[in-house]
file upload35.cif (mmCIF, C-alpha atoms and all ligand atoms)
data_coords
loop_
_atom_site.label_atom_id
_atom_site.label_comp_id
_atom_site.auth_asym_id
_atom_site.auth_seq_id
_atom_site.Cartn_x
_atom_site.Cartn_y
_atom_site.Cartn_z
CA MET A 201 10.95 72.49 -27.66
CA LYS A 202 12.04 70.30 -30.59
CA ILE A 203 10.58 66.78 -30.66
CA LEU A 204 11.76 64.03 -32.99
CA VAL A 205 8.96 61.67 -34.01
CA ILE A 206 9.94 58.20 -35.22
CA ASN A 207 7.70 55.65 -36.92
CA CYS A 208 9.85 52.61 -37.52
CA GLY A 209 8.69 49.80 -39.83
CA SER A 210 10.48 46.60 -40.80
CA SER A 211 12.28 48.03 -43.83
CA SER A 212 11.26 51.69 -43.75
CA LEU A 213 11.25 54.52 -41.24
CA LYS A 214 9.38 57.83 -41.24
CA TYR A 215 10.48 60.76 -39.12
CA GLN A 216 9.61 64.38 -38.40
CA VAL A 217 10.99 67.12 -36.18
CA ILE A 218 8.18 69.24 -34.75
CA ASP A 219 8.62 72.35 -32.64
CA MET A 220 6.23 72.23 -29.68
CA PRO A 221 3.99 73.61 -28.34
CA ASN A 222 3.53 75.72 -31.46
CA GLU A 223 3.13 72.52 -33.56
CA LYS A 224 5.48 73.73 -36.27
CA LEU A 225 6.84 71.04 -38.58
CA LEU A 226 10.55 71.74 -39.16
CA CYS A 227 11.70 68.78 -41.26
CA LYS A 228 10.58 65.32 -42.23
CA GLY A 229 11.89 62.29 -44.04
CA LEU A 230 11.65 58.71 -45.06
CA VAL A 231 14.22 55.93 -44.98
CA GLU A 232 13.48 53.04 -47.34
CA ARG A 233 14.97 49.61 -47.99
CA ILE A 234 16.69 49.27 -44.60
CA GLY A 235 18.89 46.17 -44.70
CA MET A 236 18.51 45.81 -48.48
CA LYS A 237 20.45 46.87 -51.54
CA GLY A 238 19.83 50.50 -52.55
CA SER A 239 18.75 51.81 -49.13
CA VAL A 240 17.89 55.47 -49.38
CA ILE A 241 17.02 58.43 -47.15
CA THR A 242 14.83 61.23 -48.44
CA HIS A 243 14.99 64.29 -46.21
CA THR A 244 12.93 67.46 -46.58
CA LEU A 245 13.61 70.70 -44.76
CA VAL A 246 10.23 72.42 -44.65
CA GLY A 247 10.05 75.07 -47.36
CA ASP A 248 13.06 73.61 -49.13
CA GLU A 249 13.69 70.88 -51.68
CA LYS A 250 13.93 67.17 -50.97
CA VAL A 251 17.39 65.68 -50.57
CA ARG A 252 17.60 62.05 -51.60
CA THR A 253 20.73 60.13 -50.71
CA GLU A 254 21.53 56.48 -51.32
CA ILE A 255 23.60 55.12 -48.45
CA PRO A 256 24.08 51.50 -47.42
CA MET A 257 22.03 50.98 -44.22
CA LYS A 258 22.37 47.45 -42.99
CA ASN A 259 20.10 47.78 -39.95
CA HIS A 260 17.88 50.13 -37.94
CA MET A 261 20.85 51.49 -36.00
CA ASP A 262 22.37 52.68 -39.31
CA ALA A 263 19.02 54.11 -40.34
CA ILE A 264 18.53 56.11 -37.12
CA SER A 265 22.15 57.25 -37.28
CA ASN A 266 21.52 58.64 -40.80
CA VAL A 267 18.29 60.30 -39.65
CA LEU A 268 20.20 62.06 -36.84
CA ASP A 269 22.90 63.14 -39.31
CA ALA A 270 20.22 64.63 -41.58
CA VAL A 271 18.54 66.39 -38.65
CA LYS A 272 21.83 68.08 -37.68
CA ASP A 273 23.16 68.59 -41.21
CA PRO A 274 24.58 72.15 -41.49
CA GLU A 275 22.68 72.76 -44.74
CA TYR A 276 19.43 70.78 -44.43
CA GLY A 277 19.21 70.14 -40.70
CA VAL A 278 17.20 71.87 -37.98
CA VAL A 279 19.56 71.65 -35.00
CA LYS A 280 23.27 72.34 -34.49
CA ASP A 281 23.63 69.77 -31.77
CA LEU A 282 21.49 66.72 -30.97
CA ASN A 283 21.09 68.05 -27.40
CA GLU A 284 18.60 70.50 -28.91
CA ILE A 285 16.23 67.56 -29.48
CA ALA A 286 14.32 67.61 -26.18
CA ALA A 287 12.65 64.21 -26.61
CA VAL A 288 11.84 61.43 -29.06
CA GLY A 289 8.28 60.17 -29.57
CA HIS A 290 8.04 56.63 -30.92
CA ARG A 291 5.02 55.16 -32.64
CA VAL A 292 4.49 51.63 -31.33
CA VAL A 293 1.75 49.38 -32.65
CA HIS A 294 0.91 47.02 -29.79
CA ALA A 295 1.00 47.57 -26.06
CA GLY A 296 -1.49 44.83 -25.17
CA GLU A 297 -3.69 45.61 -22.18
CA LYS A 298 -0.93 47.29 -20.22
CA TYR A 299 -1.07 50.90 -21.43
CA SER A 300 -4.11 53.03 -22.10
CA LYS A 301 -2.02 56.18 -22.58
CA SER A 302 1.35 57.22 -23.96
CA VAL A 303 4.20 56.66 -21.47
CA LEU A 304 7.80 57.58 -20.82
CA ILE A 305 9.89 54.66 -22.06
CA ASP A 306 11.97 52.80 -19.46
CA GLU A 307 13.20 49.21 -19.19
CA ASP A 308 9.77 47.98 -18.01
CA VAL A 309 8.03 49.53 -21.00
CA VAL A 310 10.47 47.91 -23.43
CA LYS A 311 9.92 44.57 -21.65
CA THR A 312 6.13 44.95 -22.06
CA LEU A 313 6.53 45.73 -25.75
CA GLU A 314 8.73 42.66 -26.14
CA ASP A 315 6.02 40.58 -24.45
CA CYS A 316 3.57 41.90 -27.07
CA ILE A 317 5.71 40.70 -30.02
CA GLU A 318 3.59 37.55 -30.18
CA LEU A 319 0.51 39.72 -30.74
CA ALA A 320 2.15 41.95 -33.39
CA PRO A 321 5.02 39.94 -34.87
CA LEU A 322 5.46 42.20 -37.91
CA HIS A 323 5.19 45.55 -36.18
CA ASN A 324 6.54 45.50 -32.63
CA PRO A 325 10.06 44.15 -33.44
CA PRO A 326 11.01 47.09 -35.73
CA ASN A 327 9.35 49.54 -33.29
CA ILE A 328 11.58 48.17 -30.50
CA LEU A 329 14.67 48.26 -32.74
CA GLY A 330 13.99 51.97 -33.34
CA ILE A 331 13.68 52.64 -29.60
CA ASN A 332 16.89 50.76 -28.81
CA ALA A 333 18.85 52.49 -31.58
CA CYS A 334 17.75 55.91 -30.29
CA LYS A 335 18.66 54.89 -26.74
CA ASP A 336 22.17 54.01 -27.91
CA LEU A 337 22.69 57.14 -29.97
CA MET A 338 20.94 59.68 -27.69
CA SER A 339 21.30 58.12 -24.27
CA ASN A 340 20.31 61.25 -22.30
CA THR A 341 17.23 62.13 -24.34
CA PRO A 342 13.86 61.06 -22.90
CA MET A 343 11.71 58.82 -25.11
CA VAL A 344 7.96 58.42 -25.14
CA GLY A 345 5.97 55.48 -26.52
CA VAL A 346 2.69 56.26 -28.28
CA PHE A 347 0.67 53.11 -28.93
CA ASP A 348 -1.90 52.34 -31.65
CA THR A 349 -3.81 50.13 -29.25
CA ALA A 350 -3.87 52.49 -26.24
CA PHE A 351 -6.87 54.63 -27.22
CA HIS A 352 -9.11 51.56 -27.53
CA GLN A 353 -8.39 50.31 -24.01
CA THR A 354 -11.57 52.09 -22.90
CA MET A 355 -13.75 49.60 -24.85
CA PRO A 356 -16.11 47.73 -22.49
CA PRO A 357 -15.70 43.92 -22.24
CA GLU A 358 -18.82 43.29 -24.31
CA ALA A 359 -17.07 45.04 -27.20
CA TYR A 360 -13.70 43.33 -26.85
CA ILE A 361 -14.49 39.75 -25.78
CA TYR A 362 -14.85 37.19 -28.56
CA ALA A 363 -17.47 34.49 -28.08
CA ILE A 364 -14.91 31.69 -27.97
CA PRO A 365 -13.81 29.75 -24.85
CA TYR A 366 -12.88 32.35 -22.22
CA GLU A 367 -9.55 30.67 -21.52
CA MET A 368 -8.33 31.84 -24.96
CA TYR A 369 -8.54 35.35 -23.57
CA GLU A 370 -7.09 34.51 -20.17
CA LYS A 371 -4.26 32.28 -21.39
CA TYR A 372 -3.36 33.76 -24.78
CA GLY A 373 -4.71 37.32 -24.72
CA VAL A 374 -7.13 36.60 -27.59
CA ARG A 375 -9.45 39.62 -27.49
CA ARG A 376 -10.20 42.63 -29.63
CA TYR A 377 -7.53 45.36 -29.22
CA GLY A 378 -8.18 47.79 -32.07
CA PHE A 379 -5.58 49.84 -33.97
CA HIS A 380 -5.11 53.28 -35.63
CA GLY A 381 -5.84 54.70 -32.15
CA THR A 382 -3.57 57.71 -32.57
CA SER A 383 -5.34 58.72 -35.77
CA HIS A 384 -8.87 58.23 -34.37
CA ARG A 385 -7.92 60.28 -31.29
CA TYR A 386 -6.36 63.06 -33.38
CA VAL A 387 -9.36 63.53 -35.69
CA ALA A 388 -11.78 63.36 -32.73
CA GLU A 389 -9.90 66.20 -31.02
CA ARG A 390 -9.87 68.23 -34.24
CA ALA A 391 -13.61 67.59 -34.73
CA SER A 392 -14.32 68.93 -31.25
CA LYS A 393 -12.34 72.11 -32.12
CA MET A 394 -14.01 72.49 -35.54
CA LEU A 395 -17.51 72.10 -34.06
CA ASN A 396 -16.61 74.13 -31.00
CA VAL A 397 -18.19 71.49 -28.77
CA ASP A 398 -16.44 69.79 -25.86
CA LEU A 399 -15.43 66.16 -26.58
CA ASP A 400 -17.38 65.21 -23.44
CA ASP A 401 -20.57 66.30 -25.19
CA LEU A 402 -19.98 64.50 -28.49
CA LYS A 403 -20.79 61.14 -30.03
CA LEU A 404 -18.46 60.62 -32.98
CA ILE A 405 -17.87 57.98 -35.62
CA THR A 406 -14.38 58.26 -37.07
CA CYS A 407 -13.69 56.50 -40.38
CA HIS A 408 -9.96 56.02 -40.98
CA LEU A 409 -10.00 54.82 -44.57
CA GLY A 410 -6.49 54.26 -45.91
CA ASN A 411 -4.71 51.21 -47.18
CA GLY A 412 -5.58 49.77 -43.78
CA ALA A 413 -9.00 50.94 -42.62
CA SER A 414 -10.99 51.06 -39.40
CA VAL A 415 -14.04 52.77 -37.92
CA THR A 416 -14.33 53.81 -34.26
CA ALA A 417 -17.27 54.81 -32.07
CA ILE A 418 -16.14 57.61 -29.74
CA LYS A 419 -18.43 58.65 -26.91
CA ARG A 420 -17.37 61.48 -24.57
CA GLY A 421 -13.87 61.35 -26.06
CA LYS A 422 -13.45 57.63 -25.35
CA SER A 423 -13.30 54.75 -27.82
CA ILE A 424 -16.18 52.43 -26.99
CA ASP A 425 -15.87 50.18 -30.04
CA THR A 426 -13.70 49.83 -33.12
CA SER A 427 -13.74 47.62 -36.18
CA MET A 428 -10.22 46.13 -36.01
CA GLY A 429 -9.80 43.34 -33.51
CA PHE A 430 -7.16 40.89 -32.32
CA THR A 431 -5.16 41.90 -35.41
CA PRO A 432 -5.62 44.63 -38.03
CA LEU A 433 -7.32 42.05 -40.28
CA GLU A 434 -10.78 42.34 -38.72
CA GLY A 435 -13.48 44.82 -39.68
CA LEU A 436 -13.69 46.84 -42.87
CA VAL A 437 -12.75 45.65 -46.33
CA MET A 438 -9.28 47.16 -46.98
CA GLY A 439 -6.79 47.57 -49.82
CA THR A 440 -5.59 43.96 -49.64
CA ARG A 441 -7.20 42.69 -46.40
CA SER A 442 -10.51 40.86 -46.28
CA GLY A 443 -11.86 42.36 -43.05
CA ASP A 444 -14.72 40.38 -41.46
CA ILE A 445 -15.42 36.99 -43.02
CA ASP A 446 -17.11 33.83 -41.82
CA PRO A 447 -14.26 32.06 -39.94
CA ALA A 448 -15.33 28.75 -41.50
CA ILE A 449 -13.99 30.05 -44.84
CA VAL A 450 -10.43 29.75 -43.50
CA THR A 451 -10.52 25.96 -43.11
CA TYR A 452 -12.73 25.54 -46.19
CA ILE A 453 -10.34 27.22 -48.62
CA ARG A 454 -7.33 25.60 -46.99
CA GLU A 455 -8.83 22.17 -47.60
CA LYS A 456 -10.23 22.96 -51.06
CA LYS A 457 -6.96 24.38 -52.36
CA ASN A 458 -4.75 22.12 -50.24
CA LEU A 459 -2.83 25.14 -49.03
CA PRO A 460 0.37 24.92 -46.98
CA GLU A 461 0.60 26.39 -43.46
CA GLY A 462 0.38 30.18 -43.40
CA GLU A 463 -0.96 30.49 -46.94
CA THR A 464 -4.55 31.34 -45.95
CA ASN A 465 -3.24 34.11 -43.73
CA LYS A 466 -1.30 35.49 -46.69
CA ILE A 467 -4.37 35.35 -48.94
CA LEU A 468 -6.54 37.17 -46.39
CA ASN A 469 -3.91 39.82 -45.63
CA ASN A 470 -2.26 40.43 -49.00
CA GLU A 471 -4.50 39.18 -51.79
CA SER A 472 -7.99 40.09 -50.60
CA GLY A 473 -9.87 43.35 -49.98
CA VAL A 474 -10.64 45.58 -52.96
CA LEU A 475 -7.62 44.06 -54.75
CA GLY A 476 -9.08 40.59 -54.36
CA ILE A 477 -12.55 41.56 -55.55
CA SER A 478 -11.46 43.75 -58.47
CA GLY A 479 -8.41 41.76 -59.56
CA ILE A 480 -6.95 45.14 -60.53
CA SER A 481 -5.39 47.07 -57.66
CA SER A 482 -5.54 47.93 -53.96
CA ASP A 483 -5.25 51.61 -54.84
CA PHE A 484 -8.58 53.41 -54.98
CA ARG A 485 -7.28 55.77 -57.69
CA ASP A 486 -6.76 52.78 -60.01
CA LEU A 487 -10.22 51.46 -59.14
CA GLU A 488 -11.91 54.81 -59.82
CA ALA A 489 -10.11 54.94 -63.19
CA ALA A 490 -11.23 51.39 -64.02
CA VAL A 491 -14.84 52.23 -63.07
CA ALA A 492 -14.70 55.21 -65.42
CA GLU A 493 -13.85 52.73 -68.19
CA GLY A 494 -16.83 50.56 -67.26
CA ASN A 495 -15.04 47.83 -65.27
CA GLU A 496 -17.76 46.04 -63.30
CA ARG A 497 -15.58 44.26 -60.79
CA ALA A 498 -13.87 47.50 -59.83
CA GLN A 499 -17.34 48.96 -59.31
CA LEU A 500 -18.32 45.96 -57.20
CA ALA A 501 -15.16 46.32 -55.06
CA LEU A 502 -16.00 49.95 -54.27
CA LYS A 503 -19.61 49.05 -53.48
CA VAL A 504 -18.60 46.22 -51.14
CA PHE A 505 -16.11 48.55 -49.42
CA ALA A 506 -18.72 51.28 -48.90
CA HIS A 507 -21.36 48.74 -47.82
CA ARG A 508 -19.13 47.57 -44.97
CA VAL A 509 -18.39 51.15 -43.82
CA ARG A 510 -22.15 51.87 -43.75
CA PHE A 511 -22.71 48.66 -41.83
CA TYR A 512 -20.34 49.80 -39.06
CA ILE A 513 -21.75 53.33 -39.04
CA GLY A 514 -25.22 51.87 -38.47
CA ALA A 515 -23.95 49.57 -35.73
CA TYR A 516 -22.16 52.39 -33.91
CA ILE A 517 -25.18 54.69 -34.10
CA ALA A 518 -27.08 51.92 -32.31
CA GLU A 519 -24.29 51.42 -29.76
CA MET A 520 -24.13 55.13 -28.90
CA ASN A 521 -27.85 55.79 -29.28
CA GLY A 522 -27.09 58.45 -31.90
CA VAL A 523 -24.20 60.32 -33.46
CA ASP A 524 -23.28 64.02 -33.71
CA ALA A 525 -20.60 63.81 -36.38
CA ILE A 526 -19.07 61.35 -38.83
CA ILE A 527 -15.46 61.98 -39.74
CA PHE A 528 -13.58 60.83 -42.83
CA THR A 529 -9.80 60.61 -42.73
CA ALA A 530 -6.67 58.88 -44.22
CA GLY A 531 -5.79 58.43 -47.92
CA VAL A 532 -9.20 57.24 -49.16
CA GLY A 533 -11.33 59.15 -46.64
CA GLU A 534 -9.53 62.42 -47.35
CA ASN A 535 -9.35 62.17 -51.13
CA ASP A 536 -11.97 59.86 -52.58
CA LEU A 537 -15.19 61.85 -52.91
CA GLY A 538 -16.88 58.95 -54.67
CA ILE A 539 -16.42 56.69 -51.62
CA ARG A 540 -17.69 59.39 -49.23
CA ASP A 541 -20.70 59.78 -51.51
CA LEU A 542 -21.38 56.01 -51.60
CA VAL A 543 -21.03 55.72 -47.81
CA CYS A 544 -23.36 58.64 -47.01
CA ASN A 545 -25.89 57.98 -49.73
CA ASP A 546 -29.54 57.70 -48.67
CA LEU A 547 -29.05 58.05 -44.90
CA GLY A 548 -31.42 61.01 -44.59
CA ASN A 549 -33.70 59.19 -42.14
CA LEU A 550 -30.74 58.93 -39.78
CA GLY A 551 -30.16 62.69 -40.11
CA ILE A 552 -27.06 62.21 -42.28
CA LYS A 553 -27.05 64.35 -45.45
CA LEU A 554 -23.91 64.88 -47.50
CA ASP A 555 -23.64 68.12 -49.49
CA VAL A 556 -22.53 66.98 -52.96
CA PHE A 557 -20.93 70.35 -53.72
CA LYS A 558 -19.08 70.70 -50.41
CA ASN A 559 -17.94 67.10 -50.88
CA LYS A 560 -15.91 68.14 -53.95
CA ILE A 561 -12.82 68.72 -51.85
CA LYS A 562 -9.65 66.77 -51.08
CA GLY A 563 -7.27 66.70 -48.13
CA LYS A 564 -8.52 69.84 -46.38
CA GLU A 565 -10.35 70.23 -43.06
CA SER A 566 -13.96 71.02 -43.87
CA ILE A 567 -17.60 70.38 -43.02
CA ILE A 568 -19.17 68.57 -45.97
CA SER A 569 -22.70 67.96 -44.71
CA ARG A 570 -25.74 69.99 -45.78
CA GLU A 571 -27.00 72.83 -43.58
CA ASP A 572 -30.10 70.75 -42.76
CA SER A 573 -28.12 67.64 -41.83
CA ARG A 574 -28.61 66.89 -38.11
CA VAL A 575 -25.36 64.89 -38.13
CA LYS A 576 -22.30 66.82 -39.25
CA ILE A 577 -20.01 65.13 -41.78
CA LEU A 578 -16.38 66.24 -41.52
CA LEU A 579 -13.29 65.75 -43.63
CA ILE A 580 -10.19 65.91 -41.41
CA PRO A 581 -6.71 65.01 -42.69
CA THR A 582 -5.07 62.82 -40.07
CA ASN A 583 -1.75 63.74 -38.49
CA GLU A 584 -0.48 60.91 -36.31
CA GLU A 585 2.99 62.47 -36.08
CA LEU A 586 1.60 65.64 -34.56
CA MET A 587 -0.41 63.61 -32.04
CA ILE A 588 2.79 61.73 -31.09
CA ALA A 589 4.64 65.05 -30.70
CA LYS A 590 1.82 66.43 -28.52
CA ASP A 591 1.82 63.41 -26.21
CA THR A 592 5.60 63.49 -25.99
CA TYR A 593 5.58 67.20 -25.19
CA GLU A 594 2.94 66.76 -22.46
CA ILE A 595 5.03 64.04 -20.79
CA VAL A 596 8.45 65.74 -20.97
CA LYS A 597 7.60 69.46 -20.70
CA SER A 598 8.12 69.59 -16.94
CA PHE A 599 11.50 67.81 -17.02
P1 LIG B 1 -1.62 53.78 -45.22
O1 LIG B 1 -1.08 54.83 -44.28
O2 LIG B 1 -2.54 52.80 -44.57
O3 LIG B 1 -0.61 53.15 -46.13
P2 LIG B 1 -2.96 56.00 -46.53
O4 LIG B 1 -3.83 56.58 -45.47
O5 LIG B 1 -1.75 56.78 -46.92
O6 LIG B 1 -2.60 54.50 -46.21
O7 LIG B 1 -3.87 55.76 -47.83
C1 LIG B 1 -3.30 55.30 -49.00
C2 LIG B 1 -4.43 54.98 -49.97
O8 LIG B 1 -5.25 56.14 -50.17
C3 LIG B 1 -3.94 54.62 -51.35
O9 LIG B 1 -3.64 53.26 -51.44
C4 LIG B 1 -5.15 54.96 -52.22
O10 LIG B 1 -6.01 53.85 -52.27
C5 LIG B 1 -5.85 56.07 -51.45
N1 LIG B 1 -5.71 57.37 -52.11
C6 LIG B 1 -4.70 58.25 -52.03
N2 LIG B 1 -4.94 59.34 -52.79
C7 LIG B 1 -6.15 59.15 -53.37
C8 LIG B 1 -6.97 59.90 -54.27
N3 LIG B 1 -6.58 61.09 -54.73
N4 LIG B 1 -8.15 59.36 -54.64
C9 LIG B 1 -8.56 58.17 -54.19
N5 LIG B 1 -7.83 57.41 -53.33
C10 LIG B 1 -6.65 57.89 -52.92
#
call {"tool": "encode", "arguments": {"input": "upload35.cif", "output": "structure tokens"}}
result
Amino acid sequence: MKILVINCGSSSLKYQVIDMPNEKLLCKGLVERIGMKGSVITHTLVGDEKVRTEIPMKNHMDAISNVLDAVKDPEYGVVKDLNEIAAVGHRVVHAGEKYSKSVLIDEDVVKTLEDCIELAPLHNPPNILGINACKDLMSNTPMVGVFDTAFHQTMPPEAYIYAIPYEMYEKYGVRRYGFHGTSHRYVAERASKMLNVDLDDLKLITCHLGNGASVTAIKRGKSIDTSMGFTPLEGLVMGTRSGDIDPAIVTYIREKKNLPEGETNKILNNESGVLGISGISSDFRDLEAAVAEGNERAQLALKVFAHRVRFYIGAYIAEMNGVDAIIFTAGVGENDLGIRDLVCNDLGNLGIKLDVFKNKIKGKESIISREDSRVKILLIPTNEELMIAKDTYEIVKSF
């Protein structure tokens, strides 16, 4: 059964066609600069070369239409007719408190996602545009919504309620939601397979360290706490995001610098994190290179980043009364051995011992802890698209 997976951003769109249940990736692609000059689609048939075509795409409907053309292209496509696509799985960022699992998309679901626009103004609108464009172009094909927030709906109230007046929660939905759920769930399932232990018998800490970064405590397969909150700004230090700060800083810098409305938000989201500390880059490769040349602020940025990850790991060990495995995933977690080393350094008393030789690996599923480490340390490349395809398959397979 061929499943099309769509991850629709405001000006870009990623897609894959995956054959299920054998989990075989058939083709994938990226549309960039939707609605701008020089919009381009890059399509790759697995095992073949990339095809890059510049086509004017003035909106998401045009973008999806070009994706479907690529998918059924006689030379580079994977189907002869779009009817061969059994279902479409859509990544959606925010589903509020309504959905704790992936669901078949109908009018009610779209309405709920529209209601959540206030909570995710940058992400939900393009996600909805992608759904609507697919509905128009493939009206008989079932669609499934897979939500970043859904996995974290199992958090207990003490983990998601902020200590601010309760009416903020009741009236405006101000609570911790958590994000990256699809990735945390995927690596937890893989960890259970790698360790050959049922998820029900595992306490896991999953560290999704990419440009955006979050840590999740997973007990018996359920998220019980996660570092991102009301928005993806809370928690870890990230590429350009501050993560946790004293909230009093917001008004203090606004007054000190006499900043216009919205400017503090921009600083905390786009000019902070390791970029803000180092003044060099949000990309950890650039920071590692700068450290090699003796740049102290780049070194400080990496140390602050690792310090915060360790802080959450310690907190989640306390919350779960122990941990069986710590998992590293996403761009930094999968590739930056220096960060994994900094995070796991000197945790022997907690039973966490990284093997420095096994740690010399990038982007490949592996166990990187020492034989005598009570807690296993795993490197697991994330695959959110596959998780979306799996959920979609489970929902539509009996149709
Ligand atoms: P996102 O999906 O949030 O954009 P990714 O998970 O793709 O992010 O991670 C991207 C980040 O991973 C890059 O910004 C860079 O900091 C880091 N990264 C990628 N490759 C490497 C590498 N080889 N070494 C160190 N860091 C890397």
call {"tool": "closest_residue", "arguments": {"input": "upload35.cif", "among": "A:Lys562, A:His290, A:Arg570, A:His507", "to": "ligand LIG 1 (chain B)", "atoms": "all atoms listed in the file"}}
result
A:Lys562
call {"tool": "residues_near_ligand", "arguments": {"input": "upload35.cif", "ligand": "ligand LIG 1 (chain B)", "cutoff": "10 Å", "atoms": "all atoms listed in the file", "output": "PyMOL selection string"}}
result
chain A and resi 380+408-413+438-440+474+481-489+529-539+562-563+581-582
call {"tool": "write_last_selection", "arguments": {"input": "upload35.cif", "atoms": "C-alpha atoms", "output": "compact mmCIF listing (two decimals), keeping the file's coordinate frame"}}
result
# COMPACT_ATOMS: atom_id res chain seq x y z
CA HIS A 380 -5.11 53.28 -35.63
CA HIS A 408 -9.96 56.02 -40.98
CA LEU A 409 -10.00 54.82 -44.57
CA GLY A 410 -6.49 54.26 -45.91
CA ASN A 411 -4.71 51.21 -47.18
CA GLY A 412 -5.58 49.77 -43.78
CA ALA A 413 -9.00 50.94 -42.62
CA MET A 438 -9.28 47.16 -46.98
CA GLY A 439 -6.79 47.57 -49.82
CA THR A 440 -5.59 43.96 -49.64
CA VAL A 474 -10.64 45.58 -52.96
CA SER A 481 -5.39 47.07 -57.66
CA SER A 482 -5.54 47.93 -53.96
CA ASP A 483 -5.25 51.61 -54.84
CA PHE A 484 -8.58 53.41 -54.98
CA ARG A 485 -7.28 55.77 -57.69
CA ASP A 486 -6.76 52.78 -60.01
CA LEU A 487 -10.22 51.46 -59.14
CA GLU A 488 -11.91 54.81 -59.82
CA ALA A 489 -10.11 54.94 -63.19
CA THR A 529 -9.80 60.61 -42.73
CA ALA A 530 -6.67 58.88 -44.22
CA GLY A 531 -5.79 58.43 -47.92
CA VAL A 532 -9.20 57.24 -49.16
CA GLY A 533 -11.33 59.15 -46.64
CA GLU A 534 -9.53 62.42 -47.35
CA ASN A 535 -9.35 62.17 -51.13
CA ASP A 536 -11.97 59.86 -52.58
CA LEU A 537 -15.19 61.85 -52.91
CA GLY A 538 -16.88 58.95 -54.67
CA ILE A 539 -16.42 56.69 -51.62
CA LYS A 562 -9.65 66.77 -51.08
CA GLY A 563 -7.27 66.70 -48.13
CA PRO A 581 -6.71 65.01 -42.69
CA THR A 582 -5.07 62.82 -40.07
call {"tool": "residues_near_point", "arguments": {"input": "upload35.cif", "point": "(-8.8, 40.3, -48.3)", "cutoff": "9 Å", "atoms": "only C-alpha atoms", "output": "ChimeraX atom specification"}}
result
/A:433,437-443,467-477
call {"tool": "write_last_selection", "arguments": {"input": "upload35.cif", "atoms": "C-alpha atoms", "output": "compact mmCIF listing (two decimals), in the frame of the given file"}}
result
# COMPACT_ATOMS: atom_id res chain seq x y z
CA LEU A 433 -7.32 42.05 -40.28
CA VAL A 437 -12.75 45.65 -46.33
CA MET A 438 -9.28 47.16 -46.98
CA GLY A 439 -6.79 47.57 -49.82
CA THR A 440 -5.59 43.96 -49.64
CA ARG A 441 -7.20 42.69 -46.40
CA SER A 442 -10.51 40.86 -46.28
CA GLY A 443 -11.86 42.36 -43.05
CA ILE A 467 -4.37 35.35 -48.94
CA LEU A 468 -6.54 37.17 -46.39
CA ASN A 469 -3.91 39.82 -45.63
CA ASN A 470 -2.26 40.43 -49.00
CA GLU A 471 -4.50 39.18 -51.79
CA SER A 472 -7.99 40.09 -50.60
CA GLY A 473 -9.87 43.35 -49.98
CA VAL A 474 -10.64 45.58 -52.96
CA LEU A 475 -7.62 44.06 -54.75
CA GLY A 476 -9.08 40.59 -54.36
CA ILE A 477 -12.55 41.56 -55.55
call {"tool": "residues_around", "arguments": {"input": "upload35.cif", "residues": "Ala506 of chain A", "least_positions_apart": "5", "cutoff": "10 Å", "atoms": "only C-alpha atoms", "output": "JSON, numbers by chain"}}
result
{"A": [436, 437, 500, 501, 511, 538, 539, 540, 541, 542, 543, 544, 545]}
call {"tool": "closest_residue", "arguments": {"input": "upload35.cif", "among": "A:Pro460, A:Gly345, A:Gly373, A:Gly494", "to": "Asn324 of chain A", "atoms": "all atoms listed in the file"}}
result
A:Gly345
call {"tool": "atom_distance", "arguments": {"input": "upload35.cif", "atom1": "atom CA of Glu284 of chain A", "atom2": "atom CA of Asn340 of chain A"}}
result
11.5 Å
call {"tool": "atom_distance", "arguments": {"input": "upload35.cif", "atom1": "atom CA of Ile588 of chain A", "atom2": "atom CA of Pro274 of chain A"}}
result
26.3 Å
call {"tool": "decode", "arguments": {"input": "upload35.cif", "residues": "segment 206-211 of chain A", "atoms": "N, CA, C and O atoms", "output": "PDB file, in the first residue's frame"}}
result
ATOM      1  N   ILE A 206       3.093  14.039   3.816  1.00  0.00           N
ATOM      2  CA  ILE A 206       3.277  15.470   3.517  1.00  0.00           C
ATOM      3  C   ILE A 206       3.590  16.237   4.804  1.00  0.00           C
ATOM      4  O   ILE A 206       2.892  16.114   5.803  1.00  0.00           O
ATOM      5  N   ASN A 207       4.649  17.036   4.739  1.00  0.00           N
ATOM      6  CA  ASN A 207       5.007  17.906   5.862  1.00  0.00           C
ATOM      7  C   ASN A 207       5.103  19.325   5.297  1.00  0.00           C
ATOM      8  O   ASN A 207       6.076  19.693   4.654  1.00  0.00           O
ATOM      9  N   CYS A 208       4.034  20.080   5.530  1.00  0.00           N
ATOM     10  CA  CYS A 208       3.865  21.348   4.831  1.00  0.00           C
ATOM     11  C   CYS A 208       4.210  22.542   5.721  1.00  0.00           C
ATOM     12  O   CYS A 208       3.532  22.780   6.723  1.00  0.00           O
ATOM     13  N   GLY A 209       5.244  23.274   5.372  1.00  0.00           N
ATOM     14  CA  GLY A 209       5.618  24.487   6.116  1.00  0.00           C
ATOM     15  C   GLY A 209       5.102  25.719   5.402  1.00  0.00           C
ATOM     16  O   GLY A 209       4.400  25.614   4.389  1.00  0.00           O
ATOM     17  N   SER A 210       5.478  26.907   5.915  1.00  0.00           N
ATOM     18  CA  SER A 210       4.904  28.122   5.338  1.00  0.00           C
ATOM     19  C   SER A 210       5.430  28.387   3.927  1.00  0.00           C
ATOM     20  O   SER A 210       4.683  28.801   3.055  1.00  0.00           O
ATOM     21  N   SER A 211       6.704  28.133   3.674  1.00  0.00           N
ATOM     22  CA  SER A 211       7.206  28.361   2.321  1.00  0.00           C
ATOM     23  C   SER A 211       7.901  27.127   1.756  1.00  0.00           C
ATOM     24  O   SER A 211       8.471  27.165   0.666  1.00  0.00           O
TER      25      SER A 211
END
